[in-house]
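**Q** See upload.txt below, with compact mmCIF, C-alpha atoms.
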# COMPACT_ATOMS: atom_id res chain seq x y z
CA MET A 1 0.00 0.00 0.00
CA ARG A 2 2.82 2.41 0.88
CA TYR A 3 4.55 1.69 -2.44
CA LEU A 4 1.31 2.35 -4.32
CA PHE A 5 0.88 5.67 -2.46
CA LEU A 6 4.42 6.77 -3.32
CA HIS A 7 3.96 5.67 -6.92
CA ILE A 8 0.80 7.79 -7.19
CA ILE A 9 2.69 10.80 -5.78
CA GLY A 10 5.39 10.33 -8.40
CA VAL A 11 2.85 10.10 -11.23
CA LEU A 12 1.02 13.23 -10.02
CA SER A 13 4.33 15.10 -9.83
CA LEU A 14 4.99 14.22 -13.46
CA LEU A 15 1.51 15.27 -14.55
CA PHE A 16 1.49 18.50 -12.53
CA PRO A 17 5.08 19.76 -12.26
CA PHE A 18 5.67 22.94 -10.32
CA SER A 19 8.55 25.35 -10.02
CA LEU A 20 9.98 27.22 -7.08
CA SER A 21 11.81 30.52 -7.28
CA ALA A 22 15.02 31.08 -5.36
CA GLN A 23 16.28 34.30 -3.87
CA ASP A 24 19.83 33.90 -5.16
CA ASN A 25 20.55 36.85 -7.39
CA GLY A 26 18.45 35.35 -10.18
CA SER A 27 20.61 32.24 -10.62
CA LYS A 28 19.00 28.88 -11.33
CA GLN A 29 18.70 26.32 -8.57
CA PRO A 30 18.63 22.51 -8.98
CA TRP A 31 14.88 22.20 -8.51
CA ILE A 32 14.27 24.82 -11.19
CA SER A 33 16.53 23.27 -13.79
CA CYS A 34 15.43 19.68 -13.05
CA PRO A 35 11.60 19.54 -12.99
CA GLY A 36 9.91 16.23 -12.26
CA PRO A 37 8.98 14.01 -9.30
CA ARG A 38 9.81 15.46 -5.91
CA ALA A 39 10.36 14.07 -2.46
CA ILE A 40 8.07 15.19 0.38
CA PRO A 41 9.35 16.07 3.90
CA LEU A 42 7.87 13.70 6.48
CA ASN A 43 9.14 15.15 9.77
CA LEU A 44 9.49 18.86 9.11
CA ASP A 45 7.48 19.89 12.17
CA SER A 46 9.56 17.75 14.52
CA VAL A 47 12.80 19.11 13.01
CA LYS A 48 11.51 22.66 13.48
CA THR A 49 10.84 21.79 17.12
CA LEU A 50 14.42 20.51 17.49
CA ILE A 51 15.74 23.75 15.99
CA GLY A 52 13.66 25.95 18.29
CA TYR A 53 14.23 29.71 18.34
CA PRO A 54 17.71 30.83 19.44
CA LEU A 55 17.43 33.02 22.55
CA ASN A 56 20.05 35.47 21.29
CA ALA A 57 18.02 35.90 18.08
CA ILE A 58 14.86 36.63 20.09
CA GLU A 59 16.71 39.14 22.29
CA ALA A 60 18.09 40.85 19.17
CA GLY A 61 14.64 40.98 17.54
CA ILE A 62 15.69 38.84 14.58
CA GLN A 63 12.99 37.08 12.57
CA GLY A 64 12.39 35.84 9.03
CA ASP A 65 12.73 32.73 6.88
CA VAL A 66 15.69 30.44 6.28
CA VAL A 67 15.20 28.62 2.97
CA LEU A 68 17.33 25.66 1.90
CA GLY A 69 17.42 23.54 -1.21
CA VAL A 70 17.74 19.97 0.10
CA LEU A 71 18.70 16.90 -1.93
CA ALA A 72 16.72 13.89 -0.70
CA GLY A 73 18.18 10.45 -1.41
CA GLU A 74 16.52 7.41 -2.91
CA ASP A 75 15.89 6.11 0.61
CA GLY A 76 14.37 9.41 1.78
CA SER A 77 17.42 10.52 3.76
CA TYR A 78 19.16 13.90 3.67
CA VAL A 79 22.07 14.02 1.20
CA LYS A 80 23.18 17.67 1.00
CA HIS A 81 21.86 21.20 0.82
CA ILE A 82 22.42 24.67 -0.57
CA VAL A 83 21.46 27.94 1.13
CA VAL A 84 18.78 29.81 -0.84
CA ASN A 85 17.85 32.52 1.65
CA GLN A 86 18.85 33.47 5.17
CA VAL A 87 18.01 36.48 7.30
CA HIS A 88 20.82 36.13 9.84
CA PRO A 89 23.75 33.74 10.45
CA ILE A 90 22.40 32.91 13.94
CA LEU A 91 19.20 31.42 12.49
CA LEU A 92 21.02 29.67 9.66
CA LYS A 93 23.48 28.06 12.09
CA GLU A 94 20.66 26.54 14.16
CA VAL A 95 18.91 25.19 11.07
CA LEU A 96 22.11 23.60 9.74
CA LYS A 97 22.68 21.81 13.06
CA GLN A 98 19.49 19.78 12.53
CA ILE A 99 19.03 19.67 8.75
CA HIS A 100 20.57 16.19 8.53
CA THR A 101 17.66 14.80 10.59
CA LEU A 102 15.10 15.56 7.86
CA ARG A 103 13.43 12.52 6.32
CA PHE A 104 11.42 12.36 3.10
CA SER A 105 9.10 10.12 1.18
CA PRO A 106 11.35 9.55 -1.85
CA ALA A 107 10.44 10.75 -5.32
CA ILE A 108 9.32 7.93 -7.62
CA GLN A 109 10.03 7.84 -11.33
CA GLY A 110 8.62 4.81 -13.08
CA ASP A 111 9.21 1.93 -10.68
CA SER A 112 12.29 3.40 -9.02
CA ALA A 113 12.98 5.82 -6.22
CA ILE A 114 15.26 8.69 -7.30
CA GLN A 115 17.14 11.56 -5.71
CA SER A 116 15.18 14.81 -5.72
CA TRP A 117 15.82 18.47 -4.81
CA VAL A 118 13.24 20.02 -2.47
CA SER A 119 12.83 23.60 -1.26
CA VAL A 120 12.40 23.62 2.53
CA THR A 121 11.44 26.75 4.48
CA PHE A 122 12.14 27.32 8.19
CA PRO A 123 10.14 30.36 9.37
CA PHE A 124 11.11 32.26 12.51
CA GLN A 125 8.41 34.55 13.91
CA LEU A 126 9.04 36.50 17.11
CA PRO A 127 6.66 35.84 20.01
CA SER A 128 3.92 38.41 20.50
CA GLY A 129 5.03 41.40 22.56
CA ILE A 130 8.60 41.33 21.25
CA GLN A 131 9.38 44.00 18.70
CA PRO A 132 11.44 43.00 15.67
CA LYS A 133 14.74 44.71 15.08
CA PRO A 134 14.29 47.78 12.85
CA GLU A 135 14.97 46.70 9.30
CA GLU A 136 17.99 48.04 7.49
CA PRO A 137 17.83 48.71 3.75
CA ALA A 138 17.74 45.43 1.85
CA PRO A 139 21.11 44.23 0.52
CA ASN A 140 19.85 44.24 -3.08
CA VAL A 141 18.50 47.83 -3.00
CA CYS A 142 20.40 50.19 -5.32
CA TYR A 143 21.77 53.45 -3.92
CA PHE A 144 23.35 56.46 -5.54
CA ILE A 145 26.94 56.13 -4.38
CA GLU A 146 29.58 58.53 -5.62
CA LYS A 147 32.44 56.28 -4.53
CA ARG A 148 31.92 52.57 -3.91
CA GLY A 149 34.28 50.82 -1.51
CA GLU A 150 36.59 48.04 -2.63
CA VAL A 151 38.20 45.04 -0.96
CA LEU A 152 41.74 45.88 0.11
CA ASN A 153 43.05 42.50 1.31
CA LEU A 154 41.17 39.76 -0.55
CA ASP A 155 44.37 37.95 -1.56
CA SER A 156 45.65 37.75 2.01
CA VAL A 157 42.26 36.56 3.30
CA MET A 158 42.13 33.91 0.55
CA THR A 159 45.54 32.76 1.78
CA LEU A 160 44.08 32.45 5.30
CA ILE A 161 41.12 30.51 3.93
CA GLY A 162 43.30 28.16 1.90
CA TYR A 163 41.76 25.22 0.03
CA PRO A 164 40.05 22.73 2.38
CA GLU A 165 41.78 19.38 1.92
CA MET A 166 38.46 17.52 1.91
CA ALA A 167 37.18 19.67 -0.95
CA LYS A 168 40.42 19.32 -2.90
CA GLU A 169 40.44 15.52 -2.58
CA ALA A 170 36.78 15.38 -3.70
CA GLY A 171 37.46 17.59 -6.71
CA ILE A 172 35.09 20.30 -5.49
CA GLU A 173 35.63 23.72 -7.02
CA GLY A 174 33.57 26.82 -7.77
CA ASP A 175 32.70 30.20 -6.32
CA VAL A 176 31.36 31.23 -2.93
CA VAL A 177 29.73 34.66 -3.23
CA LEU A 178 28.79 36.72 -0.18
CA ARG A 179 26.90 39.98 0.13
CA ILE A 180 28.86 41.78 2.82
CA GLN A 181 27.74 44.80 4.78
CA VAL A 182 30.66 47.19 5.23
CA ASP A 183 30.56 50.02 7.76
CA GLU A 184 31.64 53.62 7.33
CA ASN A 185 35.21 52.72 8.31
CA GLY A 186 35.53 49.91 5.79
CA ARG A 187 35.11 47.10 8.31
CA TYR A 188 33.06 43.92 7.97
CA VAL A 189 29.69 44.02 9.77
CA LYS A 190 27.77 40.94 8.60
CA HIS A 191 27.05 38.93 5.49
CA ILE A 192 24.44 37.01 3.53
CA VAL A 193 25.23 33.96 1.42
CA SER A 194 24.46 34.70 -2.21
CA LYS A 195 26.00 31.60 -3.78
CA GLN A 196 27.84 28.50 -2.63
CA VAL A 197 28.93 25.27 -4.26
CA HIS A 198 29.55 23.14 -1.16
CA PRO A 199 29.20 23.59 2.64
CA VAL A 200 32.91 22.78 3.15
CA LEU A 201 33.98 25.76 1.03
CA LEU A 202 31.33 28.02 2.58
CA LYS A 203 32.48 27.17 6.11
CA ALA A 204 36.10 27.95 5.22
CA VAL A 205 35.07 31.36 3.85
CA GLU A 206 32.75 32.22 6.76
CA ASN A 207 35.46 31.40 9.29
CA ASN A 208 37.67 34.14 7.83
CA VAL A 209 35.37 36.72 6.21
CA LYS A 210 35.55 38.97 9.28
CA TYR A 211 39.20 39.72 8.42
CA LEU A 212 38.28 41.50 5.18
CA ARG A 213 39.02 45.21 5.03
CA PHE A 214 37.54 47.70 2.56
CA SER A 215 37.99 51.24 1.40
CA PRO A 216 34.94 53.22 2.63
CA SER A 217 32.03 54.03 0.35
CA TYR A 218 31.03 57.69 0.03
CA GLN A 219 27.77 59.47 -0.57
CA GLY A 220 28.76 63.08 -1.15
CA ASN A 221 31.54 63.81 1.32
CA SER A 222 30.25 61.36 3.94
CA PRO A 223 31.26 57.72 4.33
CA VAL A 224 28.26 55.37 4.39
CA LYS A 225 27.44 51.79 5.28
CA LEU A 226 26.95 49.68 2.14
CA TRP A 227 26.43 46.10 0.93
CA LEU A 228 29.07 44.77 -1.47
CA TYR A 229 29.32 41.51 -3.40
CA VAL A 230 32.56 39.60 -2.82
CA PRO A 231 33.39 36.39 -4.73
CA PHE A 232 35.76 33.77 -3.29
CA ARG A 233 37.03 31.57 -6.13
CA PHE A 234 38.20 28.00 -5.60
CA ARG A 235 39.98 26.30 -8.49
CA ILE A 236 41.94 23.08 -8.30
Just give me the structure as structure tokens.

**A**
Amino acid sequence: MRYLFLHIIGVLSLLFPFSLSAQDNGSKQPWISCPGPRAIPLNLDSVKTLIGYPLNAIEAGIQGDVVLGVLAGEDGSYVKHIVVNQVHPILLKEVLKQIHTLRFSPAIQGDSAIQSWVSVTFPFQLPSGIQPKPEEPAPNVCYFIEKRGEVLNLDSVMTLIGYPEMAKEAGIEGDVVLRIQVDENGRYVKHIVSKQVHPVLLKAVENNVKYLRFSPSYQGNSPVKLWLYVPFRFRI
């Protein structure tokens, strides 16, 4: 009976394919480029309970959605993920601690279970009575800037990052792209993941991104806080 149910799900997915949009600077994600049968999360509520709501995020008034693209295996287990959207590293960190516990009903194509990418959303809504942190201008909003800041020490930070041995042995290469908020003095404030190819490379970058230094951005004669895109390239 369970096999018949999963087979019906797979057939319906083929007959009524759907697409999901990703907030990643307009780039295509696996579930967009590979339409077809999709796995279905079975224990999302229990995983959300395990994640909880970080106390330091509540105290800071941080809320919003963390969205991941998750690859579900033929047996319904978690395989890997990519970050599609995050509102703050604190929330993303808590989600990533538990993401491996997700289980799925596998996607069925014909008579066989297949791997399938799924978009999974983890919403964080502050309890009533707690005011959210005042929102800053969105990272993708355009501003009139007379002089845009530039990275001053990317090469030295890339040397600090190095090339993770695990990634090198596995033949993993590509770009990690961060949107980095830079303050009026050219110092790193925080970042959002815009693109990543593998969690191992992302972790190596995030461990060292705070050491980046920038020339300040100017609006008129005044230095201003600004979001800048910074690519970190990994080539074997």

**Q** Compare A:Ser112, A:Asn207, A:Ser194, A:Thr49 by their minimum atom-to-atom distance to Pro164 (chain A), counting only C-alpha atoms, and give me the closest one.

**A**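 Smallest distance to Pro164 (chain A) is found for A:Asn207.
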
**Q** Mind giving me the straight-line distance from CA of Lys97 (chain A) to CA of Ala57 (chain A) in Å, one decimal?

**A** 15.7 Å

**Q** Would you mind reading off the distance between CA of Asp65 (chain A) and CA of Val120 (chain A), one decimal, in Å?

**A**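 According to the coordinates, CA of Asp65 (chain A) and CA of Val120 (chain A) are separated by 10.1 Å.
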
**Q** Can you measure CA of Ser215 (chain A) to CA of Pro89 (chain A) for me? One decimal in Å is fine.

**A**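 For CA of Ser215 (chain A) relative to CA of Pro89 (chain A), the distance reads 24.3 Å.
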
**Q** My list of candidates is A:Lys203, A:Arg38, A:His81, A:Lys168. Which is closest to Ala107 (chain A) when distances are computed with all atoms listed in the file?

**A**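 The answer is A:Arg38, which sits nearest to Ala107 (chain A).
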
**Q** Counting all atoms listed in the file, which of A:Val230, A:Val200, A:Leu178, A:Ile99 gets nearest to Leu154 (chain A)?

**A** A:Val230

**Q** Counting all atoms listed in the file, figure out which residue out of A:Tyr218, A:Arg148, A:Tyr163, A:Leu226 gets nearest to Val182 (chain A).

**A** A:Leu226

**Q** Write out as a list in words the residues lying within 7 Å of Tyr229 (chain A), counting all atoms listed in the file and excluding same-chain residues fewer than 3 positions away.

**A**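 Contacts, with the query itself left out: Val177, Leu178, Arg179 and Ile180 of chain A.
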
**Q** Find the residues with any atom within 8 Å of (28.9, 25.8, -7.8); use all atoms listed in the file and the coordinates as given in the file, and write the answer as a list of chain:residue names.

**A**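 Those residues lying close to the given coordinates are A:Glu173, A:Gly174, A:Asp175, A:Val176, A:Lys195, A:Gln196, A:Val197, A:His198.
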
**Q** Can you pull out the residues contacting Asp183 (chain A)? Cut-off 12 Å, using only C-alpha atoms, and skip same-chain residues under 6 positions away; I want them as a VMD selection string.

**A** chain A and resid 149 189 to 191 212 to 218 222 to 228
